[in-house]
file structure_14.txt (compact mmCIF, C-alpha atoms (C1' of nucleotides))
# COMPACT_ATOMS: atom_id res chain seq x y z
CA MET A 1 3.94 2.77 25.81
CA GLU A 2 1.06 2.65 23.41
CA HIS A 3 1.96 0.85 20.22
CA ARG A 4 -0.63 1.15 17.52
CA ILE A 5 -1.08 -2.03 15.51
CA GLY A 6 -3.02 -1.92 12.27
CA TYR A 7 -3.88 -3.53 8.96
CA ALA A 8 -4.17 -2.64 5.28
CA CYS A 9 -7.23 -1.67 3.26
CA ILE A 10 -9.68 -4.52 3.71
CA ASN A 11 -11.77 -5.48 6.70
CA THR A 12 -12.76 -9.13 6.34
CA SER A 13 -15.11 -9.07 9.34
CA ILE A 14 -17.73 -6.80 7.81
CA ASP A 15 -19.37 -6.33 4.41
CA ALA A 16 -18.32 -2.71 4.04
CA THR A 17 -15.83 -2.19 1.23
CA THR A 18 -13.73 0.75 0.06
CA ASN A 19 -12.70 -1.02 -3.12
CA LYS A 20 -15.58 -0.89 -5.55
CA THR A 21 -14.44 -0.04 -9.03
CA CYS A 22 -15.39 -0.34 -12.69
CA ARG A 23 -13.75 -1.04 -16.01
CA LEU A 24 -12.26 1.75 -18.07
CA GLY A 25 -14.67 0.81 -20.84
CA ASN A 26 -17.81 1.46 -18.81
CA CYS A 27 -16.57 4.37 -16.77
CA THR A 28 -19.00 7.30 -16.73
CA ASP A 29 -19.19 10.35 -14.48
CA GLU A 30 -22.32 8.96 -12.86
CA ARG A 31 -20.76 5.56 -12.26
CA LEU A 32 -17.65 7.15 -10.76
CA ARG A 33 -19.75 9.29 -8.43
CA GLN A 34 -21.63 6.22 -7.24
CA LEU A 35 -18.42 4.30 -6.65
CA ILE A 36 -16.70 7.14 -4.79
CA HIS A 37 -19.79 7.65 -2.64
CA SER A 38 -19.98 3.96 -1.86
CA ASN A 39 -16.27 3.68 -1.11
CA LEU A 40 -16.29 6.69 1.21
CA SER A 41 -19.30 5.21 3.05
CA GLY A 42 -17.32 2.00 3.34
CA LEU A 43 -14.37 3.91 4.73
CA LYS A 44 -16.61 5.50 7.36
CA GLU A 45 -17.81 2.08 8.44
CA VAL A 46 -14.34 0.58 8.54
CA ILE A 47 -12.94 3.46 10.61
CA SER A 48 -15.84 3.13 13.05
CA TRP A 49 -15.33 -0.61 13.27
CA ASN A 50 -11.61 -0.07 13.90
CA ASN A 51 -12.42 2.34 16.70
CA ARG A 52 -14.85 -0.09 18.34
CA HIS A 53 -12.14 -2.75 18.23
CA ASN A 54 -9.32 -0.55 19.47
CA ILE A 55 -7.45 -0.59 16.18
CA PHE A 56 -5.95 2.83 15.62
CA LEU A 57 -3.73 2.27 12.60
CA TYR A 58 -5.17 1.70 9.14
CA ARG A 59 -4.08 1.91 5.50
CA VAL A 60 -6.60 3.42 3.12
CA SER A 61 -6.86 1.54 -0.17
CA SER A 62 -5.53 3.18 -3.32
CA VAL A 63 -8.60 2.11 -5.29
CA ILE A 64 -10.92 4.14 -3.07
CA ILE A 65 -11.08 6.73 -5.88
CA PRO A 66 -11.31 4.63 -9.06
CA PHE A 67 -9.07 5.82 -11.91
CA ALA A 68 -8.05 8.73 -9.73
CA SER A 69 -5.07 9.76 -11.86
CA HIS A 70 -6.59 8.76 -15.19
CA GLU A 71 -8.07 11.35 -17.51
CA VAL A 72 -11.36 9.44 -17.59
CA ASN A 73 -11.97 10.60 -14.02
CA LYS A 74 -12.85 14.29 -14.17
CA ILE A 75 -14.82 14.28 -10.94
CA GLN A 76 -13.79 16.99 -8.49
CA TRP A 77 -14.29 14.48 -5.68
CA TRP A 78 -12.56 16.61 -3.06
CA GLU A 79 -15.25 19.28 -3.70
CA GLU A 80 -18.28 17.12 -4.45
CA PHE A 81 -17.75 14.95 -1.39
CA LYS A 82 -16.44 17.67 0.88
CA ASP A 83 -18.97 16.84 3.59
CA ASP A 84 -17.98 13.18 3.60
CA PHE A 85 -14.29 14.05 3.78
CA GLU A 86 -14.92 16.42 6.66
CA GLU A 87 -16.95 13.86 8.55
CA ILE A 88 -14.43 11.06 8.02
CA GLY A 89 -11.54 13.37 8.88
CA LYS A 90 -13.20 14.31 12.16
CA LEU A 91 -13.89 10.67 12.92
CA ILE A 92 -10.23 9.85 12.37
CA LYS A 93 -9.04 12.71 14.55
CA ASN A 94 -11.57 12.13 17.31
CA THR A 95 -10.61 8.49 17.57
CA GLN A 96 -6.85 9.23 17.45
CA MET A 97 -6.66 6.98 14.42
CA ARG A 98 -3.56 7.17 12.25
CA VAL A 99 -4.09 6.43 8.57
CA SER A 100 -1.73 6.01 5.68
CA MET A 101 -1.86 5.29 1.97
CA HIS A 102 0.47 3.22 -0.16
CA PRO A 103 0.57 4.21 -3.84
CA GLY A 104 1.52 1.23 -5.94
CA GLN A 105 3.99 -0.14 -8.40
CA TYR A 106 3.26 2.49 -11.03
CA VAL A 107 5.01 5.18 -9.03
CA ASN A 108 8.60 5.32 -10.24
CA ILE A 109 9.89 8.84 -9.80
CA ASN A 110 13.37 7.69 -10.83
CA SER A 111 12.26 6.33 -14.20
CA ASN A 112 14.32 7.06 -17.31
CA SER A 113 11.14 8.17 -19.00
CA PRO A 114 9.89 11.71 -18.26
CA GLU A 115 6.39 10.48 -19.07
CA ILE A 116 6.52 7.93 -16.28
CA VAL A 117 7.95 10.45 -13.82
CA LYS A 118 5.05 12.71 -14.70
CA SER A 119 2.40 10.01 -14.22
CA SER A 120 4.09 8.99 -10.98
CA LEU A 121 3.72 12.55 -9.69
CA LYS A 122 0.08 12.58 -10.72
CA GLU A 123 -0.44 9.42 -8.72
CA LEU A 124 1.31 10.85 -5.66
CA ASP A 125 -0.62 14.08 -6.04
CA TRP A 126 -4.10 12.59 -5.75
CA HIS A 127 -3.08 10.50 -2.74
CA ALA A 128 -1.82 13.64 -0.97
CA LYS A 129 -5.00 15.43 -1.98
CA PHE A 130 -7.05 12.65 -0.43
CA LEU A 131 -5.34 12.97 2.95
CA ASP A 132 -5.35 16.77 2.69
CA SER A 133 -9.11 16.67 2.06
CA LEU A 134 -9.55 14.79 5.32
CA ASN A 135 -7.76 17.69 7.04
CA LEU A 136 -5.20 15.32 8.47
CA ASP A 137 -1.77 16.53 9.52
CA SER A 138 1.51 15.18 8.18
CA THR A 139 1.72 12.33 10.71
CA HIS A 140 -0.70 10.57 8.31
CA ARG A 141 1.73 9.24 5.75
CA LEU A 142 2.12 8.26 2.12
CA ILE A 143 4.38 5.23 1.82
CA PHE A 144 6.18 4.39 -1.40
CA HIS A 145 9.20 2.59 -2.81
CA THR A 146 12.31 3.97 -4.46
CA GLY A 147 11.43 2.58 -7.89
CA GLY A 148 13.39 0.67 -10.51
CA VAL A 149 17.12 0.09 -10.83
CA TYR A 150 17.37 0.33 -14.63
CA GLY A 151 20.66 -1.51 -14.67
CA ASP A 152 22.54 1.09 -12.59
CA LYS A 153 21.50 1.52 -8.98
CA THR A 154 23.86 4.42 -8.23
CA GLU A 155 22.48 6.38 -11.14
CA ALA A 156 18.88 5.41 -10.34
CA LYS A 157 19.36 6.53 -6.73
CA ARG A 158 20.80 9.81 -7.92
CA ARG A 159 17.73 10.36 -10.12
CA PHE A 160 15.43 9.53 -7.20
CA ILE A 161 17.10 12.17 -5.03
CA LYS A 162 16.96 14.76 -7.80
CA GLU A 163 13.29 14.12 -8.57
CA TYR A 164 12.33 13.95 -4.91
CA LYS A 165 13.66 17.43 -4.31
CA ASN A 166 11.35 18.81 -7.02
CA ILE A 167 8.17 17.30 -5.59
CA PRO A 168 5.62 19.88 -4.37
CA GLU A 169 5.73 20.55 -0.62
CA ASN A 170 2.25 19.28 0.23
CA ILE A 171 3.17 15.87 -1.19
CA LYS A 172 6.71 15.79 0.17
CA ALA A 173 5.39 16.57 3.66
CA ARG A 174 3.78 13.11 3.72
CA LEU A 175 6.20 10.98 1.68
CA THR A 176 7.83 8.07 3.42
CA LEU A 177 10.24 5.58 1.88
CA GLU A 178 10.09 1.83 2.49
CA ASN A 179 12.83 -0.74 1.96
CA ASP A 180 11.63 -3.15 -0.73
CA ASP A 181 11.99 -6.89 -1.23
CA LYS A 182 14.12 -6.81 -4.39
CA SER A 183 15.98 -3.65 -5.25
CA TYR A 184 16.49 -1.10 -2.49
CA ASN A 185 17.40 -2.57 0.89
CA VAL A 186 17.31 -0.74 4.20
CA GLN A 187 20.90 0.51 3.77
CA ASP A 188 19.94 1.99 0.40
CA VAL A 189 16.91 3.85 1.78
CA LEU A 190 18.83 5.04 4.86
CA ASN A 191 21.42 6.40 2.47
CA ILE A 192 18.68 8.19 0.52
CA HIS A 193 17.33 9.54 3.81
CA GLN A 194 20.70 11.17 4.52
CA LYS A 195 20.48 13.07 1.23
CA THR A 196 16.79 13.97 1.41
CA GLY A 197 15.54 13.81 5.00
CA ILE A 198 12.74 11.49 3.93
CA PRO A 199 11.58 9.25 6.83
CA ILE A 200 11.96 5.48 6.55
CA VAL A 201 9.34 2.81 7.13
CA PHE A 202 11.18 -0.39 8.00
CA ASP A 203 9.63 -3.53 6.51
CA ILE A 204 10.87 -6.52 8.41
CA LEU A 205 9.99 -9.20 5.83
CA HIS A 206 11.56 -7.20 3.02
CA HIS A 207 14.66 -6.90 5.16
CA GLN A 208 14.74 -10.65 5.68
CA VAL A 209 14.67 -11.31 1.93
CA ASN A 210 16.67 -8.30 0.76
CA ASN A 211 19.70 -7.15 2.74
CA THR A 212 23.42 -6.67 2.26
CA GLY A 213 24.30 -10.00 3.87
CA LYS A 214 26.84 -8.12 5.98
CA LYS A 215 27.03 -7.99 9.75
CA ILE A 216 25.40 -4.57 9.85
CA ASP A 217 22.11 -6.07 8.67
CA ASP A 218 22.00 -8.76 11.38
CA ASP A 219 21.65 -6.21 14.16
CA LEU A 220 17.93 -5.56 14.11
CA GLU A 221 17.99 -3.27 17.10
CA SER A 222 20.54 -0.93 15.52
CA ILE A 223 18.62 -0.88 12.25
CA LEU A 224 15.34 -0.11 14.00
CA LYS A 225 16.98 2.74 15.87
CA LEU A 226 18.53 4.13 12.69
CA CYS A 227 15.15 4.03 10.91
CA PHE A 228 13.30 5.49 13.88
CA ALA A 229 15.76 8.40 14.02
CA THR A 230 14.55 9.45 10.55
CA TRP A 231 11.20 10.53 12.06
CA ASN A 232 10.34 13.72 13.95
CA ASP A 233 7.42 15.66 15.45
CA LYS A 234 6.10 16.62 12.02
CA THR A 235 6.24 13.13 10.55
CA GLY A 236 5.03 11.41 13.72
CA ILE A 237 5.83 8.25 15.60
CA PRO A 238 8.07 5.87 13.61
CA LYS A 239 6.36 3.05 11.83
CA ILE A 240 7.25 -0.43 10.64
CA HIS A 241 5.63 -3.01 8.39
CA TYR A 242 5.41 -6.45 9.87
CA SER A 243 4.50 -9.66 8.06
CA THR A 244 5.37 -13.32 7.96
CA GLN A 245 6.85 -15.19 5.00
CA ARG A 246 4.33 -17.49 3.35
CA PRO A 247 5.79 -20.99 3.81
CA GLY A 248 7.11 -22.51 0.61
CA ALA A 249 6.29 -19.45 -1.46
CA ARG A 250 8.47 -16.95 -3.25
CA PRO A 251 10.58 -15.04 -0.72
CA GLY A 252 8.77 -11.90 0.36
CA MET A 253 5.27 -13.23 -0.17
CA HIS A 254 2.90 -12.54 2.70
CA ALA A 255 1.47 -15.41 4.71
CA ASP A 256 -2.24 -15.60 5.50
CA SER A 257 -1.58 -14.62 9.08
CA ILE A 258 1.10 -13.19 11.31
CA ASN A 259 3.14 -15.86 13.06
CA ILE A 260 1.85 -14.89 16.49
CA ASP A 261 4.62 -16.52 18.54
CA GLU A 262 7.33 -14.87 16.49
CA PHE A 263 5.63 -11.52 16.61
CA ILE A 264 5.18 -11.62 20.39
CA LYS A 265 8.87 -12.41 20.73
CA PHE A 266 9.76 -9.49 18.51
CA TYR A 267 7.32 -7.20 20.28
CA LEU A 268 8.51 -8.00 23.77
CA LYS A 269 12.09 -7.44 22.69
CA PHE A 270 11.50 -3.98 21.24
CA LYS A 271 8.44 -2.65 23.02
CA ASN A 272 10.53 -0.16 24.94
CA LEU A 273 10.92 1.68 21.62
CA ASP A 274 8.15 3.98 20.44
CA PHE A 275 6.71 2.89 17.08
CA ASP A 276 3.56 1.88 15.20
CA ILE A 277 3.16 -1.49 13.52
CA MET A 278 1.35 -2.13 10.25
CA PHE A 279 0.53 -5.80 9.65
CA GLU A 280 0.45 -7.04 6.08
CA THR A 281 -1.47 -10.30 5.93
CA LYS A 282 -4.25 -11.90 3.97
CA ASN A 283 -6.41 -12.21 7.07
CA LYS A 284 -6.11 -8.48 7.74
CA GLU A 285 -7.71 -7.26 10.99
CA LYS A 286 -7.93 -10.82 12.31
CA SER A 287 -4.16 -10.92 12.91
CA VAL A 288 -4.42 -7.71 14.92
CA LEU A 289 -7.23 -9.09 17.08
CA GLU A 290 -5.34 -12.34 17.61
CA VAL A 291 -2.30 -10.43 18.83
CA TYR A 292 -4.47 -8.32 21.14
CA LYS A 293 -5.93 -11.48 22.60
CA ARG A 294 -2.51 -12.97 23.17
CA LEU A 295 -1.07 -9.82 24.71
CA SER A 296 -3.96 -9.52 27.17
CA ASN A 297 -3.30 -13.04 28.49
C1' DA B 1 -25.60 -18.32 -8.24
C1' DA B 2 -21.25 -19.78 -9.05
C1' DA B 3 -17.24 -19.91 -12.10
C1' DC B 4 -13.92 -17.82 -14.62
C1' DG B 5 -11.31 -14.68 -17.74
C1' DT B 6 -9.88 -10.15 -17.52
C1' DC B 7 -8.72 -5.62 -15.92
C1' DA B 8 -4.90 1.74 -16.47
C1' DA B 9 -0.36 2.07 -15.56
C1' DG B 10 5.90 -0.03 -14.70
C1' DT B 11 9.54 -3.00 -13.51
C1' DT B 12 11.66 -7.19 -12.45
C1' DC B 13 12.28 -12.02 -12.20
C1' DC B 14 11.50 -16.60 -13.63
C1' DG B 15 10.90 -20.25 -16.85
C1' DC C 1 10.21 -13.59 -24.82
C1' DG C 2 5.60 -14.29 -22.13
C1' DG C 3 3.58 -14.42 -17.68
C1' DA C 4 3.37 -13.54 -12.85
C1' DA C 5 3.88 -10.70 -9.02
C1' DC C 6 3.51 -6.41 -6.58
C1' DT C 7 0.37 -2.19 -1.54
C1' DT C 8 -4.93 -4.07 -2.85
C1' DG C 9 -9.44 -8.48 -5.81
C1' DA C 10 -13.45 -6.94 -8.21
C1' DC C 11 -16.10 -6.74 -12.53
C1' DG C 12 -18.78 -8.61 -16.13
C1' DT C 13 -19.94 -12.26 -18.90
C1' DT C 14 -20.85 -17.06 -19.22
C1' DT C 15 -22.29 -21.36 -17.51
call {"tool": "encode", "arguments": {"input": "structure_14.txt", "output": "structure tokens"}}
result
Amino acid sequence: MEHRIGYACINTSIDATTNKTCRLGNCTDERLRQLIHSNLSGLKEVISWNNRHNIFLYRVSSVIIPFASHEVNKIQWWEEFKDDFEEIGKLIKNTQMRVSMHPGQYVNINSNSPEIVKSSLKELDWHAKFLDSLNLDSTHRLIFHTGGVYGDKTEAKRRFIKEYKNIPENIKARLTLENDDKSYNVQDVLNIHQKTGIPIVFDILHHQVNNTGKKIDDDLESILKLCFATWNDKTGIPKIHYSTQRPGARPGMHADSINIDEFIKFYLKFKNLDFDIMFETKNKEKSVLEVYKRLSN
DNA sequence: AAACGTCAAGTTCCG
DNA sequence: CGGAACTTGACGTTT
């Protein structure tokens, strides 16, 4: 079974970057065009590098289009850079790469404030547009979290489900919910899946620091299978996030590297299941290469 | 050239 | 109540 293993956003082995940005105060159309052009070139280089190193899973940075959902950015980037998007999209498809994006903490579709729900949708919209512009199918996912609790989780969950159902189809087709490290544990998101059909990315470190404490959460194999069952042909092979707790740091904080021994143990135990693995570490692609090296020995 | 304070946004936790 | 942290450090000014 081919398990893809990948990393998020930054390649520390090469100079190419997808993360150039500017300050709101000095943001001009020309500057934005330059930045977008530079970031897309960086993306091309990173994808090529990934392919040469047999890495076929990659998260595209959310700062690749600076101020994408802010009114200061009026660039029709999906039109102006159509050729670049087409080229990168082909590169991704030809190399069987799977990409994802992970909109950040400002997406809270269950917020009490209609304004924040609106800006959350704007944020989701441009991410979907980015992947759509690459002509990628819905196995290339948008990962996000449930949002805040606002003092009443049952009510906040109910709002999430209600708002989710109103999201435009092109966005919903890619949305994927991840268990988080503080508020919504894997049981919460599985429960939301039952009401919405949204697939679940299982984050193993978040699960370690945020679970029900009951027996049900000790059985990793059952949980993996439950999460994997939320995926289908349209949404693609199930996916997990894997990272190691930074020693001595706040629970949930990522270590510099994957703990290779622990990961190999985990991998050997579950490799009969079909799933992709996104590493979240400070050393990025280096953890993937280290694991490759170890697995080939 | 290196060092350092600051940067669009929301929410939560910690001190 | 202020600051840090989060999926992700980079910019711009000063030394």
call {"tool": "residues_around", "arguments": {"input": "structure_14.txt", "residues": "B:DG5", "least_positions_apart": "2", "cutoff": "10 Å", "atoms": "all atoms listed in the file", "output": "JSON, numbers by chain"}}
result
{"B": [3, 7], "C": [12, 13, 14]}
call {"tool": "closest_atom_pairs", "arguments": {"input": "structure_14.txt", "of": "chain C", "to": "chain A", "cutoff": "7 Å", "atoms": "only C-alpha atoms (C1' of nucleotides)", "output": "JSON lines"}}
result
{"residue": "C:DC6", "atom": "C1'", "partner": "A:Gln105", "partner_atom": "CA", "distance": 6.5}
{"residue": "C:DT7", "atom": "C1'", "partner": "A:His102", "partner_atom": "CA", "distance": 5.6}
{"residue": "C:DT8", "atom": "C1'", "partner": "A:Ser61", "partner_atom": "CA", "distance": 6.5}
{"residue": "C:DA10", "atom": "C1'", "partner": "A:Lys20", "partner_atom": "CA", "distance": 6.9}
{"residue": "C:DC11", "atom": "C1'", "partner": "A:Cys22", "partner_atom": "CA", "distance": 6.4}
call {"tool": "atom_distance", "arguments": {"input": "structure_14.txt", "atom1": "atom CA of A:Asn210", "atom2": "atom CA of A:Asp152"}}
result
17.3 Å
call {"tool": "closest_atom_pairs", "arguments": {"input": "structure_14.txt", "of": "chain A", "to": "chain B", "cutoff": "10 Å", "atoms": "only C-alpha atoms (C1' of nucleotides)", "output": "Markdown table"}}
result
| residue | atom | partner | partner_atom | distance |
| --- | --- | --- | --- | --- |
| A:Cys22 | CA | B:DC7 | C1' | 9.1 |
| A:Arg23 | CA | B:DC7 | C1' | 6.8 |
| A:Leu24 | CA | B:DA8 | C1' | 7.5 |
| A:Phe67 | CA | B:DA8 | C1' | 7.4 |
| A:Ser69 | CA | B:DA8 | C1' | 9.3 |
| A:His70 | CA | B:DA8 | C1' | 7.3 |
| A:Gly104 | CA | B:DA9 | C1' | 9.8 |
| A:Gln105 | CA | B:DG10 | C1' | 6.6 |
| A:Tyr106 | CA | B:DG10 | C1' | 5.2 |
| A:Val107 | CA | B:DG10 | C1' | 7.8 |
| A:Asn108 | CA | B:DG10 | C1' | 7.5 |
| A:Ser111 | CA | B:DG10 | C1' | 9.0 |
| A:Ile116 | CA | B:DG10 | C1' | 8.1 |
| A:Ser119 | CA | B:DA9 | C1' | 8.5 |
| A:Ser120 | CA | B:DA9 | C1' | 9.4 |
| A:Gly147 | CA | B:DT11 | C1' | 8.1 |
| A:Gly148 | CA | B:DT11 | C1' | 6.1 |
| A:Val149 | CA | B:DT11 | C1' | 8.6 |
| A:Tyr150 | CA | B:DT11 | C1' | 8.6 |
| A:Lys182 | CA | B:DT12 | C1' | 8.4 |
| A:Ser183 | CA | B:DT12 | C1' | 9.1 |
call {"tool": "atom_distance", "arguments": {"input": "structure_14.txt", "atom1": "atom CA of A:Leu226", "atom2": "atom CA of A:Ile200"}}
result
9.1 Å
call {"tool": "atom_distance", "arguments": {"input": "structure_14.txt", "atom1": "atom CA of A:Asn26", "atom2": "atom C1' of C:DG9"}}
result
18.4 Å
call {"tool": "decode", "arguments": {"input": "structure_14.txt", "residues": "stretch 1-12 of chain B", "atoms": "N, CA and C atoms (P, O5', C5', C4', C3', O3' and C1' of nucleotides)", "output": "PDB file, in the first residue's frame"}}
result
ATOM      1  P    DA B   1      25.910  42.303   3.165  1.00  0.00           P
ATOM      2  O5'  DA B   1      25.872  42.163   4.738  1.00  0.00           O
ATOM      3  C5'  DA B   1      26.869  41.634   5.598  1.00  0.00           C
ATOM      4  C4'  DA B   1      26.243  41.596   6.947  1.00  0.00           C
ATOM      5  C3'  DA B   1      25.074  40.616   7.045  1.00  0.00           C
ATOM      6  O3'  DA B   1      25.096  40.086   8.360  1.00  0.00           O
ATOM      7  C1'  DA B   1      24.331  42.726   7.642  1.00  0.00           C
ATOM      8  P    DA B   2      24.833  38.635   8.689  1.00  0.00           P
ATOM      9  O5'  DA B   2      24.444  38.749  10.226  1.00  0.00           O
ATOM     10  C5'  DA B   2      25.202  39.614  11.065  1.00  0.00           C
ATOM     11  C4'  DA B   2      24.265  40.386  11.965  1.00  0.00           C
ATOM     12  C3'  DA B   2      23.114  39.556  12.544  1.00  0.00           C
ATOM     13  O3'  DA B   2      23.075  39.829  13.925  1.00  0.00           O
ATOM     14  C1'  DA B   2      22.280  41.538  11.653  1.00  0.00           C
ATOM     15  P    DA B   3      22.258  39.015  14.982  1.00  0.00           P
ATOM     16  O5'  DA B   3      21.986  40.103  16.115  1.00  0.00           O
ATOM     17  C5'  DA B   3      22.151  41.497  15.876  1.00  0.00           C
ATOM     18  C4'  DA B   3      20.924  42.264  16.349  1.00  0.00           C
ATOM     19  C3'  DA B   3      19.856  41.438  17.061  1.00  0.00           C
ATOM     20  O3'  DA B   3      19.367  42.221  18.143  1.00  0.00           O
ATOM     21  C1'  DA B   3      18.888  42.557  15.230  1.00  0.00           C
ATOM     22  P    DC B   4      18.508  41.622  19.287  1.00  0.00           P
ATOM     23  O5'  DC B   4      17.184  42.482  19.145  1.00  0.00           O
ATOM     24  C5'  DC B   4      17.251  43.865  18.799  1.00  0.00           C
ATOM     25  C4'  DC B   4      15.882  44.305  18.302  1.00  0.00           C
ATOM     26  C3'  DC B   4      14.719  43.533  18.940  1.00  0.00           C
ATOM     27  O3'  DC B   4      13.674  44.440  19.198  1.00  0.00           O
ATOM     28  C1'  DC B   4      14.528  43.468  16.624  1.00  0.00           C
ATOM     29  P    DG B   5      12.812  44.303  20.499  1.00  0.00           P
ATOM     30  O5'  DG B   5      11.558  45.229  20.180  1.00  0.00           O
ATOM     31  C5'  DG B   5      11.752  46.512  19.570  1.00  0.00           C
ATOM     32  C4'  DG B   5      10.643  46.783  18.567  1.00  0.00           C
ATOM     33  C3'  DG B   5       9.244  46.393  19.047  1.00  0.00           C
ATOM     34  O3'  DG B   5       8.350  47.418  18.618  1.00  0.00           O
ATOM     35  C1'  DG B   5       9.724  45.265  17.028  1.00  0.00           C
ATOM     36  P    DT B   6       6.816  47.333  19.005  1.00  0.00           P
ATOM     37  O5'  DT B   6       6.142  46.804  17.659  1.00  0.00           O
ATOM     38  C5'  DT B   6       6.259  47.585  16.467  1.00  0.00           C
ATOM     39  C4'  DT B   6       5.715  46.786  15.307  1.00  0.00           C
ATOM     40  C3'  DT B   6       4.279  46.290  15.504  1.00  0.00           C
ATOM     41  O3'  DT B   6       3.479  46.867  14.500  1.00  0.00           O
ATOM     42  C1'  DT B   6       5.685  44.601  14.618  1.00  0.00           C
ATOM     43  P    DC B   7       1.914  46.847  14.619  1.00  0.00           P
ATOM     44  O5'  DC B   7       1.514  45.964  13.350  1.00  0.00           O
ATOM     45  C5'  DC B   7       2.013  46.293  12.048  1.00  0.00           C
ATOM     46  C4'  DC B   7       1.951  45.059  11.180  1.00  0.00           C
ATOM     47  C3'  DC B   7       0.566  44.428  11.125  1.00  0.00           C
ATOM     48  O3'  DC B   7       0.214  44.247   9.759  1.00  0.00           O
ATOM     49  C1'  DC B   7       2.203  42.803  11.601  1.00  0.00           C
ATOM     50  P    DA B   8      -0.945  45.161   9.265  1.00  0.00           P
ATOM     51  O5'  DA B   8      -2.143  44.240   9.691  1.00  0.00           O
ATOM     52  C5'  DA B   8      -3.018  43.682   8.699  1.00  0.00           C
ATOM     53  C4'  DA B   8      -4.393  43.863   9.241  1.00  0.00           C
ATOM     54  C3'  DA B   8      -4.602  43.221  10.607  1.00  0.00           C
ATOM     55  O3'  DA B   8      -5.766  43.804  11.207  1.00  0.00           O
ATOM     56  C1'  DA B   8      -5.601  41.900   8.915  1.00  0.00           C
ATOM     57  P    DA B   9      -6.140  43.298  12.698  1.00  0.00           P
ATOM     58  O5'  DA B   9      -7.239  42.178  12.435  1.00  0.00           O
ATOM     59  C5'  DA B   9      -8.461  42.526  11.811  1.00  0.00           C
ATOM     60  C4'  DA B   9      -9.307  41.286  11.672  1.00  0.00           C
ATOM     61  C3'  DA B   9      -9.390  40.456  12.948  1.00  0.00           C
ATOM     62  O3'  DA B   9     -10.701  39.945  13.053  1.00  0.00           O
ATOM     63  C1'  DA B   9      -8.539  39.132  11.217  1.00  0.00           C
ATOM     64  P    DG B  10     -11.456  39.995  14.427  1.00  0.00           P
ATOM     65  O5'  DG B  10     -11.465  38.444  14.748  1.00  0.00           O
ATOM     66  C5'  DG B  10     -12.203  37.559  13.932  1.00  0.00           C
ATOM     67  C4'  DG B  10     -12.460  36.283  14.694  1.00  0.00           C
ATOM     68  C3'  DG B  10     -13.105  36.480  16.065  1.00  0.00           C
ATOM     69  O3'  DG B  10     -13.949  35.362  16.297  1.00  0.00           O
ATOM     70  C1'  DG B  10     -10.914  35.594  16.334  1.00  0.00           C
ATOM     71  P    DT B  11     -14.795  35.241  17.639  1.00  0.00           P
ATOM     72  O5'  DT B  11     -13.881  34.317  18.540  1.00  0.00           O
ATOM     73  C5'  DT B  11     -13.651  32.973  18.120  1.00  0.00           C
ATOM     74  C4'  DT B  11     -12.744  32.303  19.113  1.00  0.00           C
ATOM     75  C3'  DT B  11     -13.184  32.414  20.572  1.00  0.00           C
ATOM     76  O3'  DT B  11     -13.430  31.101  21.028  1.00  0.00           O
ATOM     77  C1'  DT B  11     -10.861  32.855  20.324  1.00  0.00           C
ATOM     78  P    DT B  12     -13.940  30.843  22.534  1.00  0.00           P
ATOM     79  O5'  DT B  12     -12.605  30.406  23.261  1.00  0.00           O
ATOM     80  C5'  DT B  12     -11.804  29.370  22.686  1.00  0.00           C
ATOM     81  C4'  DT B  12     -10.496  29.299  23.442  1.00  0.00           C
ATOM     82  C3'  DT B  12     -10.676  29.302  24.966  1.00  0.00           C
ATOM     83  O3'  DT B  12     -10.091  28.115  25.469  1.00  0.00           O
ATOM     84  C1'  DT B  12      -9.004  30.845  24.286  1.00  0.00           C
TER      85       DT B  12
END
